[in-house]
file entry-v6.txt (compact mmCIF, C-alpha atoms)
# COMPACT_ATOMS: atom_id res chain seq x y z
CA MET U 1176 -18.41 27.49 6.71
CA SER U 1177 -18.91 29.84 9.68
CA HIS U 1178 -16.26 32.46 10.48
CA ASN U 1179 -16.89 31.91 14.20
CA LEU U 1180 -14.97 28.72 14.76
CA PRO U 1181 -13.86 27.95 18.32
CA ASP U 1182 -10.18 28.33 19.17
CA SER U 1183 -9.78 24.58 19.51
CA LEU U 1184 -11.42 21.70 17.74
CA PRO U 1185 -11.13 17.96 18.16
CA ALA U 1186 -8.86 16.44 15.51
CA PRO U 1187 -11.13 16.51 12.43
CA GLU U 1188 -12.19 12.97 11.72
CA VAL U 1189 -13.38 11.76 8.34
CA ASP U 1190 -17.03 11.89 9.36
CA LEU U 1191 -16.69 15.52 10.44
CA LEU U 1192 -15.31 16.54 7.06
CA SER U 1193 -17.59 14.41 4.86
CA PRO U 1194 -20.53 16.90 4.92
CA MET U 1195 -18.19 19.59 3.56
CA LEU U 1196 -17.69 17.62 0.31
CA ASN U 1197 -20.04 17.61 -2.65
CA GLN U 1198 -20.11 15.29 -5.67
CA GLN U 1199 -21.12 16.33 -9.18
CA GLY U 1200 -20.81 13.34 -11.48
CA GLN U 1201 -17.31 12.00 -10.90
CA VAL U 1202 -15.89 15.30 -9.64
CA TRP U 1203 -15.79 16.24 -5.96
CA THR U 1204 -15.67 19.78 -4.56
CA ALA U 1205 -15.48 21.11 -1.00
CA ASP U 1206 -16.84 24.16 0.82
CA PHE U 1207 -14.65 26.30 3.05
CA ARG U 1208 -15.34 29.83 4.30
CA GLY U 1209 -17.76 30.51 1.42
CA LEU U 1210 -15.27 29.27 -1.20
CA LYS U 1211 -15.55 26.27 -3.48
CA LEU U 1212 -12.43 24.12 -3.42
CA ARG U 1213 -11.43 22.00 -6.41
CA THR U 1214 -8.59 19.59 -7.19
CA ALA U 1215 -6.06 20.34 -9.92
CA LEU U 1216 -3.56 17.67 -10.90
CA GLN U 1217 -0.19 18.21 -12.57
CA PRO U 1218 1.54 15.18 -14.16
CA ILE U 1219 4.96 14.04 -12.99
CA TYR U 1220 7.04 12.22 -15.60
CA SER U 1221 9.86 9.70 -15.44
CA ILE U 1222 12.50 10.60 -18.01
CA SER U 1223 13.76 7.03 -18.38
CA HIS U 1224 10.26 5.52 -18.62
CA LYS U 1225 9.16 8.35 -20.96
CA ARG U 1226 5.73 8.51 -19.37
CA THR U 1227 3.62 9.75 -16.47
CA VAL U 1228 4.34 8.10 -13.11
CA GLY U 1229 2.30 10.34 -10.83
CA TYR U 1230 0.35 13.54 -10.27
CA GLU U 1231 0.75 16.34 -7.77
CA ALA U 1232 -2.54 17.43 -6.24
CA LEU U 1233 -2.99 21.20 -5.96
CA ILE U 1234 -5.92 23.05 -4.40
CA ARG U 1235 -7.82 25.66 -6.39
CA ALA U 1236 -10.37 27.96 -4.73
CA PHE U 1237 -13.24 29.92 -6.32
CA ASP U 1238 -15.62 32.52 -4.89
CA ASN U 1239 -19.37 32.81 -5.49
CA ASP U 1240 -18.74 34.49 -8.87
CA ASN U 1241 -16.52 31.56 -9.88
CA SER U 1242 -13.48 33.85 -9.80
CA ALA U 1243 -10.20 32.21 -8.81
CA VAL U 1244 -8.80 32.93 -5.34
CA LEU U 1245 -5.04 32.63 -4.94
CA PRO U 1246 -3.96 29.63 -2.83
CA LEU U 1247 -1.89 32.04 -0.73
CA HIS U 1248 -5.07 33.92 0.23
CA LEU U 1249 -6.94 30.68 0.91
CA PHE U 1250 -4.34 29.51 3.41
CA GLU U 1251 -4.39 32.89 5.15
CA LEU U 1252 -8.07 32.38 6.06
CA PRO U 1253 -7.74 29.95 9.00
CA ALA U 1254 -8.00 31.91 12.26
CA SER U 1255 -6.52 29.21 14.52
CA GLU U 1256 -4.27 26.17 14.45
CA ALA U 1257 -7.36 23.98 14.70
CA GLU U 1258 -8.89 25.56 11.59
CA ASN U 1259 -5.55 25.33 9.81
CA LEU U 1260 -5.52 21.63 10.60
CA LEU U 1261 -9.07 21.27 9.32
CA LEU U 1262 -8.28 23.00 6.00
CA ASP U 1263 -5.19 20.86 5.46
CA ARG U 1264 -7.13 17.65 6.03
CA LEU U 1265 -10.09 18.84 3.98
CA CYS U 1266 -7.76 19.42 1.01
CA ARG U 1267 -6.25 15.97 1.31
CA TYR U 1268 -9.70 14.38 1.66
CA LEU U 1269 -10.86 16.22 -1.49
CA HIS U 1270 -7.78 15.22 -3.50
CA ILE U 1271 -8.03 11.55 -2.58
CA ARG U 1272 -11.74 11.49 -3.38
CA ASN U 1273 -11.07 12.93 -6.84
CA TYR U 1274 -8.05 10.76 -7.54
CA SER U 1275 -10.00 7.64 -6.61
CA GLU U 1276 -12.39 8.44 -9.47
CA ILE U 1277 -9.63 8.41 -12.10
CA LYS U 1278 -9.19 5.16 -14.01
CA ASP U 1279 -5.53 4.85 -13.06
CA GLN U 1280 -4.56 1.91 -10.90
CA VAL U 1281 -0.78 2.37 -10.93
CA ASN U 1282 0.55 5.91 -10.62
CA TRP U 1283 1.33 7.94 -7.51
CA LEU U 1284 -0.62 10.82 -6.00
CA PHE U 1285 1.65 13.49 -4.48
CA LEU U 1286 0.00 15.24 -1.53
CA ASN U 1287 1.37 18.31 0.24
CA VAL U 1288 1.30 18.35 4.02
CA SER U 1289 2.26 21.38 6.09
CA PRO U 1290 4.96 20.92 8.76
CA ARG U 1291 2.80 23.13 10.99
CA VAL U 1292 0.12 20.46 10.75
CA VAL U 1293 2.22 17.36 11.18
CA THR U 1294 4.08 18.84 14.16
CA SER U 1295 0.96 20.05 15.98
CA GLY U 1296 -1.28 18.02 18.21
CA SER U 1297 -0.44 15.16 20.52
CA GLN U 1298 -0.55 12.29 18.07
CA SER U 1299 0.43 11.34 14.59
CA ASP U 1300 -1.94 11.94 11.70
CA SER U 1301 -4.25 9.00 12.43
CA PHE U 1302 -6.89 10.79 10.37
CA PHE U 1303 -4.98 9.91 7.22
CA GLY U 1304 -5.08 6.18 7.87
CA GLN U 1305 -8.85 6.43 8.38
CA LEU U 1306 -9.15 8.39 5.15
CA LEU U 1307 -7.30 5.77 3.10
CA GLU U 1308 -9.40 3.04 4.64
CA LYS U 1309 -12.64 4.87 3.85
CA THR U 1310 -11.75 5.69 0.23
CA GLY U 1311 -9.98 2.40 -0.54
CA LEU U 1312 -6.94 4.10 -2.11
CA PRO U 1313 -3.88 1.90 -1.49
CA PRO U 1314 -1.26 3.72 0.64
CA HIS U 1315 1.58 2.65 -1.66
CA ARG U 1316 0.15 4.99 -4.29
CA ILE U 1317 0.50 8.05 -2.03
CA VAL U 1318 3.60 10.27 -1.81
CA MET U 1319 3.43 12.61 1.19
CA GLU U 1320 5.30 15.85 0.39
CA ILE U 1321 6.70 17.80 3.33
CA VAL U 1322 7.67 21.37 2.53
CA GLU U 1323 11.31 21.97 3.41
CA GLN U 1324 11.35 24.63 6.15
CA PRO U 1325 12.39 24.97 9.81
CA THR U 1326 10.22 23.22 12.34
CA ASP U 1327 10.02 23.75 16.07
CA ASP U 1328 9.78 20.03 16.74
CA ALA U 1329 12.05 17.98 14.53
CA GLU U 1330 11.45 14.83 16.56
CA ARG U 1331 7.67 15.02 16.11
CA LEU U 1332 8.15 15.62 12.40
CA ARG U 1333 10.36 12.53 12.22
CA ASP U 1334 7.71 10.51 14.09
CA THR U 1335 5.00 11.70 11.72
CA VAL U 1336 7.07 10.79 8.66
CA ALA U 1337 7.64 7.37 10.22
CA TYR U 1338 3.86 7.07 10.63
CA TYR U 1339 3.23 7.69 6.93
CA ARG U 1340 5.95 5.22 6.06
CA LYS U 1341 4.40 2.62 8.40
CA LEU U 1342 1.08 3.15 6.65
CA GLY U 1343 2.83 2.16 3.41
CA CYS U 1344 3.08 5.62 1.84
CA LEU U 1345 6.18 7.07 0.21
CA THR U 1346 7.61 10.30 1.62
CA ALA U 1347 9.13 13.28 -0.16
CA ILE U 1348 10.94 16.46 0.85
CA ASP U 1349 9.61 19.42 -1.16
CA ASP U 1350 11.47 22.59 -2.26
CA PHE U 1351 14.90 21.19 -1.42
CA GLY U 1352 17.70 23.62 -2.25
CA ALA U 1353 15.79 26.75 -1.21
CA GLY U 1354 15.64 28.66 2.05
CA HIS U 1355 16.55 26.52 5.04
CA SER U 1356 16.95 23.20 3.25
CA ASN U 1357 20.01 21.11 4.02
CA PHE U 1358 21.23 17.54 3.91
CA GLU U 1359 20.69 17.09 7.64
CA ARG U 1360 16.97 16.90 6.93
CA ILE U 1361 17.66 14.20 4.33
CA TRP U 1362 19.70 12.16 6.81
CA ASN U 1363 17.12 12.56 9.59
CA LEU U 1364 14.01 11.78 7.55
CA SER U 1365 15.38 9.42 4.85
CA PRO U 1366 12.74 10.41 2.27
CA ASP U 1367 12.06 8.24 -0.75
CA ILE U 1368 11.96 11.24 -3.11
CA VAL U 1369 13.50 14.72 -2.98
CA LYS U 1370 11.89 17.51 -5.00
CA LEU U 1371 14.46 20.12 -6.02
CA ASP U 1372 13.29 23.72 -5.83
CA ARG U 1373 12.80 25.51 -9.14
CA THR U 1374 15.31 28.23 -8.16
CA LEU U 1375 18.10 25.68 -8.69
CA LEU U 1376 16.92 25.16 -12.25
CA THR U 1377 16.62 28.91 -12.86
CA ARG U 1378 20.23 29.44 -11.80
CA ALA U 1379 21.42 26.44 -13.79
CA THR U 1380 19.77 27.99 -16.85
CA GLU U 1381 21.81 31.17 -16.40
CA GLU U 1382 25.17 29.92 -15.07
CA ARG U 1383 27.39 27.02 -16.07
CA ARG U 1384 28.74 26.76 -12.52
CA ALA U 1385 25.23 26.44 -11.11
CA ARG U 1386 24.58 23.64 -13.61
CA GLN U 1387 27.59 21.75 -12.29
CA ILE U 1388 26.36 22.25 -8.73
CA LEU U 1389 22.92 20.93 -9.71
CA ASN U 1390 24.47 17.83 -11.27
CA GLY U 1391 26.57 17.27 -8.15
CA MET U 1392 23.57 17.70 -5.86
CA VAL U 1393 21.60 15.10 -7.82
CA SER U 1394 24.52 12.70 -7.52
CA LEU U 1395 24.75 13.23 -3.74
CA LEU U 1396 21.02 12.68 -3.30
CA HIS U 1397 21.21 9.46 -5.30
CA GLN U 1398 24.08 8.29 -3.09
CA SER U 1399 21.85 9.10 -0.10
CA GLY U 1400 19.28 6.64 -1.45
CA CYS U 1401 16.77 9.21 -2.73
CA LEU U 1402 15.05 9.48 -6.08
CA VAL U 1403 15.16 13.05 -7.42
CA LEU U 1404 12.38 15.14 -8.96
CA LEU U 1405 13.08 18.52 -10.58
CA GLU U 1406 10.08 20.83 -10.63
CA GLY U 1407 9.51 24.11 -12.41
CA VAL U 1408 10.63 22.99 -15.89
CA GLU U 1409 9.22 25.66 -18.19
CA THR U 1410 11.32 25.56 -21.38
CA ARG U 1411 12.91 23.00 -23.68
CA ASP U 1412 16.39 24.13 -22.61
CA GLN U 1413 15.46 23.55 -18.98
CA ALA U 1414 14.20 20.10 -19.93
CA MET U 1415 17.64 19.41 -21.44
CA ILE U 1416 19.32 20.60 -18.24
CA ALA U 1417 17.09 18.26 -16.23
CA ILE U 1418 17.95 15.31 -18.45
CA ASP U 1419 21.68 16.10 -18.25
CA ALA U 1420 21.54 16.50 -14.45
CA GLY U 1421 20.43 12.89 -14.12
CA VAL U 1422 17.18 13.57 -12.26
CA ASP U 1423 14.66 10.74 -12.23
CA PHE U 1424 11.44 12.73 -12.56
CA VAL U 1425 10.38 16.11 -14.00
CA GLN U 1426 7.40 18.38 -13.53
CA GLY U 1427 6.51 21.79 -14.90
CA PHE U 1428 4.61 23.98 -17.32
CA TYR U 1429 6.76 22.81 -20.26
CA PHE U 1430 5.24 19.35 -19.95
CA ARG U 1431 1.77 20.24 -18.66
CA ARG U 1432 0.10 22.84 -16.47
CA PRO U 1433 -2.07 21.80 -13.50
CA CYS U 1434 -5.40 20.61 -14.88
CA LEU U 1435 -8.88 20.94 -13.36
CA ASP U 1436 -10.42 18.71 -16.02
CA LEU U 1437 -9.40 15.43 -14.42
CA ASP U 1438 -10.95 13.29 -17.15
CA GLU U 1439 -8.27 14.51 -19.58
CA LEU U 1440 -5.30 13.41 -17.50
CA PRO U 1441 -5.10 9.70 -18.33
CA GLN U 1442 -4.90 10.68 -22.00
CA SER U 1443 -2.12 13.22 -21.31
CA THR U 1444 1.10 12.21 -23.07
CA MET U 1445 4.49 13.82 -23.60
CA ASN U 1446 6.83 13.07 -26.49
CA PHE U 1447 10.05 12.22 -24.68
CA GLU U 1448 11.43 10.50 -27.78
CA ASP U 1449 12.16 13.85 -29.45
CA LEU U 1450 13.64 15.30 -26.26
CA LEU U 1451 15.96 12.36 -25.71
CA GLU U 1452 17.03 12.27 -29.35
CA GLU U 1453 17.90 15.97 -29.19
CA TYR U 1454 19.81 15.39 -25.95
CA LYS U 1455 21.80 12.54 -27.48
CA SER U 1456 22.58 14.70 -30.50
CA ARG U 1457 23.78 17.58 -28.31
CA LYS U 1458 25.99 15.30 -26.24
CA GLN U 1459 27.58 13.80 -29.33
CA ILE U 1460 28.29 17.21 -30.84
CA SER U 1461 29.60 19.18 -27.87
CA HIS U 1462 31.44 19.03 -24.58
CA ASP U 1463 32.12 15.32 -24.39
CA PRO U 1464 35.54 15.38 -22.67
CA THR U 1465 36.24 11.75 -23.44
CA GLN U 1466 36.09 12.38 -27.17
CA MET U 1467 36.92 16.04 -27.69
CA VAL U 1468 39.88 16.26 -25.32
CA VAL U 1469 41.43 12.90 -26.17
CA ASN U 1470 41.02 13.41 -29.90
CA HIS U 1471 42.58 16.86 -29.84
CA PHE U 1472 45.47 16.18 -27.44
CA SER U 1473 46.29 12.54 -28.23
CA GLY U 1474 49.11 13.41 -30.66
CA PRO U 1475 50.91 16.06 -28.55
CA PHE U 1476 50.41 13.98 -25.39
CA ARG U 1477 52.02 10.86 -26.87
CA ARG U 1478 54.88 12.94 -28.28
CA VAL U 1479 55.66 14.05 -24.73
CA ILE U 1480 55.95 10.37 -23.74
CA GLU U 1481 58.28 9.65 -26.67
CA ARG U 1482 60.56 12.56 -25.72
CA LEU U 1483 60.69 11.48 -22.09
CA GLN U 1484 61.59 7.92 -23.13
CA GLN U 1485 64.36 9.38 -25.30
CA GLY U 1486 65.85 11.02 -22.21
CA LEU U 1487 64.66 14.61 -22.63
CA SER U 1488 63.75 16.64 -19.54
CA MET U 1489 60.15 17.45 -18.62
CA ASP U 1490 60.73 21.07 -19.74
CA GLN U 1491 61.86 19.94 -23.17
CA ALA U 1492 59.30 17.16 -23.55
CA CYS U 1493 56.26 19.27 -22.55
CA PHE U 1494 57.08 22.47 -24.48
CA GLU U 1495 54.62 21.80 -27.30
CA LEU U 1496 51.81 20.72 -24.99
CA LEU U 1497 52.20 23.68 -22.63
CA SER U 1498 52.03 26.13 -25.53
CA HIS U 1499 48.34 25.32 -26.07
CA HIS U 1500 46.16 28.05 -24.57
CA THR U 1501 43.87 25.62 -22.69
CA VAL U 1502 46.66 23.61 -21.01
CA SER U 1503 47.37 24.79 -17.46
CA ARG U 1504 50.02 22.36 -16.17
CA CYS U 1505 51.90 19.09 -16.64
CA TYR U 1506 53.44 16.83 -14.03
CA LEU U 1507 54.94 13.35 -13.66
CA VAL U 1508 53.91 10.78 -11.03
CA ASP U 1509 55.47 7.47 -9.95
CA ASP U 1510 53.67 4.14 -9.59
CA GLN U 1511 52.74 4.98 -5.97
CA GLY U 1512 51.01 8.21 -6.98
CA VAL U 1513 53.76 10.50 -5.66
CA GLN U 1514 54.68 13.46 -7.87
CA LEU U 1515 58.22 13.61 -9.28
CA GLU U 1516 59.81 17.05 -9.74
CA ASP U 1517 57.96 20.37 -9.72
CA THR U 1518 54.82 21.02 -11.73
CA LEU U 1519 55.30 22.71 -15.09
CA VAL U 1520 52.82 25.60 -15.44
CA SER U 1521 52.03 27.15 -18.82
CA GLU U 1522 52.64 30.85 -19.38
CA SER U 1523 48.94 31.49 -19.89
CA ALA U 1524 48.15 29.75 -16.58
CA VAL U 1525 50.84 31.72 -14.72
CA LYS U 1526 49.19 34.98 -15.82
CA LYS U 1527 45.82 33.77 -14.50
CA GLN U 1528 47.07 32.42 -11.16
CA ASP U 1529 45.10 33.75 -8.22
CA PRO U 1530 47.47 34.86 -5.44
CA ARG U 1531 44.88 33.89 -2.85
CA PHE U 1532 45.59 30.21 -3.61
CA ARG U 1533 49.38 30.49 -3.52
CA PRO U 1534 49.70 28.01 -0.60
CA LEU U 1535 48.40 25.30 -2.97
CA GLU U 1536 50.74 25.94 -5.90
CA ASN U 1537 53.78 23.91 -4.82
CA THR U 1538 52.93 20.25 -5.47
CA SER U 1539 56.41 18.71 -5.32
CA SER U 1540 56.11 15.23 -3.69
CA ALA U 1541 52.31 15.56 -3.57
CA ASP U 1542 50.48 12.23 -3.40
CA TRP U 1543 47.79 11.88 -6.10
CA PHE U 1544 46.96 8.21 -5.59
CA ARG U 1545 43.44 9.07 -4.38
CA GLN U 1546 42.64 10.58 -7.76
CA GLN U 1547 40.71 8.28 -10.08
CA TYR U 1548 42.63 9.42 -13.16
CA LEU U 1549 45.85 8.19 -11.54
CA ARG U 1550 44.49 4.77 -10.56
CA GLN U 1551 42.90 4.30 -13.99
CA ALA U 1552 46.18 5.08 -15.72
CA LEU U 1553 48.11 2.62 -13.54
CA ALA U 1554 45.51 -0.10 -14.16
CA GLN U 1555 45.61 0.37 -17.96
CA PRO U 1556 49.08 1.48 -19.10
CA GLU U 1557 49.53 2.94 -22.59
CA ASN U 1558 45.90 4.15 -22.71
CA ILE U 1559 45.02 7.83 -22.44
CA HIS U 1560 42.43 8.53 -19.74
CA VAL U 1561 40.47 11.74 -19.20
CA THR U 1562 38.32 12.85 -16.30
CA THR U 1563 35.03 14.67 -16.26
CA PRO U 1564 35.36 18.31 -15.13
CA TYR U 1565 36.32 18.74 -11.46
CA LEU U 1566 37.71 21.41 -9.15
CA CYS U 1567 41.51 21.45 -9.26
CA VAL U 1568 42.94 21.69 -5.74
CA THR U 1569 46.07 23.55 -6.86
CA GLY U 1570 44.20 26.63 -8.04
CA ALA U 1571 40.50 26.17 -7.34
CA TYR U 1572 39.52 26.19 -11.02
CA MET U 1573 37.58 23.66 -13.07
CA CYS U 1574 39.69 21.34 -15.22
CA VAL U 1575 39.88 17.93 -16.83
CA THR U 1576 42.99 15.79 -16.44
CA LEU U 1577 44.63 13.63 -19.08
CA SER U 1578 46.73 10.75 -17.74
CA LEU U 1579 48.80 7.98 -19.34
CA ALA U 1580 51.03 5.36 -17.70
CA PHE U 1581 54.24 4.40 -19.55
CA ARG U 1582 57.62 2.74 -18.96
CA GLN U 1583 60.73 4.87 -18.53
CA ASP U 1584 64.05 3.18 -17.71
CA GLY U 1585 62.14 0.14 -16.54
CA LYS U 1586 59.94 2.11 -14.13
CA LEU U 1587 56.23 2.83 -14.43
CA ARG U 1588 55.47 6.55 -14.65
CA VAL U 1589 52.26 8.49 -15.20
CA LEU U 1590 52.17 11.70 -17.22
CA CYS U 1591 49.35 14.02 -16.16
CA CYS U 1592 48.13 17.17 -17.86
CA ASP U 1593 45.42 19.56 -16.59
CA ILE U 1594 43.27 21.32 -19.19
CA LEU U 1595 40.85 24.12 -18.45
CA ALA U 1596 37.37 22.61 -18.44
CA ASN U 1597 35.46 25.57 -19.81
CA ALA U 1598 37.90 26.68 -22.45
CA ASP U 1599 37.63 26.34 -26.22
CA HIS U 1600 39.69 23.33 -27.36
CA ASN U 1601 40.13 24.54 -30.89
CA PRO U 1602 43.75 25.41 -31.79
call {"tool": "encode", "arguments": {"input": "entry-v6.txt", "output": "structure tokens"}}
result
Amino acid sequence: MSHNLPDSLPAPEVDLLSPMLNQQGQVWTADFRGLKLRTALQPIYSISHKRTVGYEALIRAFDNDNSAVLPLHLFELPASEAENLLLDRLCRYLHIRNYSEIKDQVNWLFLNVSPRVVTSGSQSDSFFGQLLEKTGLPPHRIVMEIVEQPTDDAERLRDTVAYYRKLGCLTAIDDFGAGHSNFERIWNLSPDIVKLDRTLLTRATEERRARQILNGMVSLLHQSGCLVLLEGVETRDQAMIAIDAGVDFVQGFYFRRPCLDLDELPQSTMNFEDLLEEYKSRKQISHDPTQMVVNHFSGPFRRVIERLQQGLSMDQACFELLSHHTVSRCYLVDDQGVQLEDTLVSESAVKKQDPRFRPLENTSSADWFRQQYLRQALAQPENIHVTTPYLCVTGAYMCVTLSLAFRQDGKLRVLCCDILANADHNP
């Protein structure tokens, strides 16, 4: 293609781009600025379905010597917004042409679209509707990925997303969790799928706290009505983190690299049976608070109840429990969720108290009814309940809480005990 493009071009229609495509057998290529453009597809897998549910289309460029040109360098070539628009649409045209040749009548095709493209011009991307009509690819098999970054015209972006949705396509936010991404974009655009940036997974691999944040983010996105895809999975451990986080879909080199040989893709399989069996085994062996914590503390916890029912004070009743190095505090609550007496704090917890959170330490008469562990205990007296790890408001540390409702002098009481979430529960 000539380097001397005019500064402005009419919106590239399908017929304008068609001469730039070439077909060799069932594979299509495109010409741009002396480079040959090809489609690479990378499978996207559903963990629950244990199979491929879609493919992300990626552009690959080659020079006259068939040497690869980095995508970054390819997208630096356009000399104007009009040429940038043309390249974007040429890539999508090429991808759809190639995907239409694959004998797959079910799975999605994920297509990237630049916010600079969808927010430029005076109208929505009517080109794309023409393209789907010309190629015959059903719009419900297309997922339009919008890279998560600032845009000068949020309203136009919202209108363009609405256009793709009206066509019948799904929409996705890409690279969420990196750079300028935030939940406001989720609320404004209401995407069907959110792709989490690989940096979240990298941090979760290195830090337990980051893993908890990842799990919480997935939960929030699900509550927002979005399916969640985690990209950048490169190792088996990262695959385990993805499974544990509750994401719906995964993508990455661990499963399969982007592939230029499109004929191979329908035969591409991944053995999720082994992964899921290993995950189940890991969960049964370690860090299951429902089993580990209850099993270890059931005896001491019930002995506290017996001592309280015999008339002993909280200090006397909780002495054994508070001597365990993972127990941080014990407290008693009435049937309305209001705390009775002061909290008993273990010696080990006192030494670790952060003076910055001193305003939160006094919990006398605090109301804990909002806490699920309290409501569960009141609903099922005599049963020990345990939470999943959460941030304790009295000291800003992660803990799990044991709770048990019992009768004392004819009144319903709830004994609660906070245990450090990340500590070793062995005696």
call {"tool": "atom_distance", "arguments": {"input": "entry-v6.txt", "atom1": "atom CA of U:His1224", "atom2": "atom CA of U:Glu1448"}}
result
10.5 Å
call {"tool": "atom_distance", "arguments": {"input": "entry-v6.txt", "atom1": "atom CA of U:Ser1498", "atom2": "atom CA of U:Ser1473"}}
result
15.0 Å
call {"tool": "atom_distance", "arguments": {"input": "entry-v6.txt", "atom1": "atom CA of U:Phe1428", "atom2": "atom CA of U:Ala1236"}}
result
20.0 Å
call {"tool": "closest_residue", "arguments": {"input": "entry-v6.txt", "among": "U:Glu1406, U:Val1336, U:Cys1505, U:Val1575", "to": "U:Asp1350", "atoms": "all atoms listed in the file"}}
result
U:Glu1406
call {"tool": "closest_residue", "arguments": {"input": "entry-v6.txt", "among": "U:Gln1217, U:Gln1201, U:Asn1363, U:Gln1546", "to": "U:Ile1277", "atoms": "only C-alpha atoms"}}
result
U:Gln1201
call {"tool": "closest_residue", "arguments": {"input": "entry-v6.txt", "among": "U:Ile1418, U:Leu1396, U:Leu1519, U:Val1568", "to": "U:Tyr1220", "atoms": "all atoms listed in the file"}}
result
U:Ile1418
call {"tool": "residues_around", "arguments": {"input": "entry-v6.txt", "residues": "U:Tyr1454", "least_positions_apart": "4", "cutoff": "8 Å", "atoms": "all atoms listed in the file", "output": "PyMOL selection string"}}
result
chain U and resi 1415+1418-1419+1450+1458
call {"tool": "write_last_selection", "arguments": {"input": "entry-v6.txt", "atoms": "C-alpha atoms", "output": "mmCIF file, in the frame of the given file"}}
result
data_model
loop_
_atom_site.group_PDB
_atom_site.id
_atom_site.type_symbol
_atom_site.label_atom_id
_atom_site.label_comp_id
_atom_site.auth_asym_id
_atom_site.auth_seq_id
_atom_site.Cartn_x
_atom_site.Cartn_y
_atom_site.Cartn_z
ATOM 1 C CA MET U 1415 17.640 19.410 -21.440
ATOM 2 C CA ILE U 1418 17.950 15.310 -18.450
ATOM 3 C CA ASP U 1419 21.680 16.100 -18.250
ATOM 4 C CA LEU U 1450 13.640 15.300 -26.260
ATOM 5 C CA LYS U 1458 25.990 15.300 -26.240
#
call {"tool": "residues_around", "arguments": {"input": "entry-v6.txt", "residues": "U:Phe1303", "least_positions_apart": "2", "cutoff": "12 Å", "atoms": "all atoms listed in the file", "output": "CSV table (one decimal) with C-alpha atoms, keeping the file's coordinate frame"}}
result
chain,number,residue,atom,x,y,z
U,1186,ALA,CA,-8.9,16.4,15.5
U,1187,PRO,CA,-11.1,16.5,12.4
U,1188,GLU,CA,-12.2,13.0,11.7
U,1189,VAL,CA,-13.4,11.8,8.3
U,1263,ASP,CA,-5.2,20.9,5.5
U,1264,ARG,CA,-7.1,17.6,6.0
U,1265,LEU,CA,-10.1,18.8,4.0
U,1266,CYS,CA,-7.8,19.4,1.0
U,1267,ARG,CA,-6.2,16.0,1.3
U,1268,TYR,CA,-9.7,14.4,1.7
U,1271,ILE,CA,-8.0,11.6,-2.6
U,1286,LEU,CA,0.0,15.2,-1.5
U,1288,VAL,CA,1.3,18.4,4.0
U,1293,VAL,CA,2.2,17.4,11.2
U,1298,GLN,CA,-0.6,12.3,18.1
U,1299,SER,CA,0.4,11.3,14.6
U,1300,ASP,CA,-1.9,11.9,11.7
U,1301,SER,CA,-4.2,9.0,12.4
U,1305,GLN,CA,-8.8,6.4,8.4
U,1306,LEU,CA,-9.2,8.4,5.2
U,1307,LEU,CA,-7.3,5.8,3.1
U,1308,GLU,CA,-9.4,3.0,4.6
U,1309,LYS,CA,-12.6,4.9,3.8
U,1310,THR,CA,-11.8,5.7,0.2
U,1311,GLY,CA,-10.0,2.4,-0.5
U,1312,LEU,CA,-6.9,4.1,-2.1
U,1313,PRO,CA,-3.9,1.9,-1.5
U,1314,PRO,CA,-1.3,3.7,0.6
U,1317,ILE,CA,0.5,8.0,-2.0
U,1319,MET,CA,3.4,12.6,1.2
U,1335,THR,CA,5.0,11.7,11.7
U,1338,TYR,CA,3.9,7.1,10.6
U,1339,TYR,CA,3.2,7.7,6.9
U,1340,ARG,CA,6.0,5.2,6.1
U,1341,LYS,CA,4.4,2.6,8.4
U,1342,LEU,CA,1.1,3.2,6.6
U,1343,GLY,CA,2.8,2.2,3.4
U,1344,CYS,CA,3.1,5.6,1.8
call {"tool": "closest_residue", "arguments": {"input": "entry-v6.txt", "among": "U:Leu1375, U:Thr1562, U:Lys1455, U:Leu1497", "to": "U:Met1467", "atoms": "only C-alpha atoms"}}
result
U:Thr1562
call {"tool": "residues_around", "arguments": {"input": "entry-v6.txt", "residues": "U:Lys1370", "least_positions_apart": "4", "cutoff": "12 Å", "atoms": "all atoms listed in the file", "output": "compact mmCIF listing (two decimals) with C-alpha atoms, in the coordinates of the input"}}
result
# COMPACT_ATOMS: atom_id res chain seq x y z
CA ILE U 1219 4.96 14.04 -12.99
CA GLU U 1231 0.75 16.34 -7.77
CA PHE U 1285 1.65 13.49 -4.48
CA ASN U 1287 1.37 18.31 0.24
CA VAL U 1318 3.60 10.27 -1.81
CA MET U 1319 3.43 12.61 1.19
CA GLU U 1320 5.30 15.85 0.39
CA ILE U 1321 6.70 17.80 3.33
CA VAL U 1322 7.67 21.37 2.53
CA GLU U 1323 11.31 21.97 3.41
CA THR U 1346 7.61 10.30 1.62
CA ALA U 1347 9.13 13.28 -0.16
CA ILE U 1348 10.94 16.46 0.85
CA ASP U 1349 9.61 19.42 -1.16
CA ASP U 1350 11.47 22.59 -2.26
CA PHE U 1351 14.90 21.19 -1.42
CA GLY U 1352 17.70 23.62 -2.25
CA ALA U 1353 15.79 26.75 -1.21
CA SER U 1356 16.95 23.20 3.25
CA ILE U 1361 17.66 14.20 4.33
CA PRO U 1366 12.74 10.41 2.27
CA THR U 1374 15.31 28.23 -8.16
CA LEU U 1375 18.10 25.68 -8.69
CA LEU U 1376 16.92 25.16 -12.25
CA MET U 1392 23.57 17.70 -5.86
CA VAL U 1393 21.60 15.10 -7.82
CA LEU U 1396 21.02 12.68 -3.30
CA CYS U 1401 16.77 9.21 -2.73
CA LEU U 1402 15.05 9.48 -6.08
CA VAL U 1403 15.16 13.05 -7.42
CA LEU U 1404 12.38 15.14 -8.96
CA LEU U 1405 13.08 18.52 -10.58
CA GLU U 1406 10.08 20.83 -10.63
CA GLY U 1407 9.51 24.11 -12.41
CA VAL U 1422 17.18 13.57 -12.26
CA ASP U 1423 14.66 10.74 -12.23
CA PHE U 1424 11.44 12.73 -12.56
CA VAL U 1425 10.38 16.11 -14.00
CA GLN U 1426 7.40 18.38 -13.53
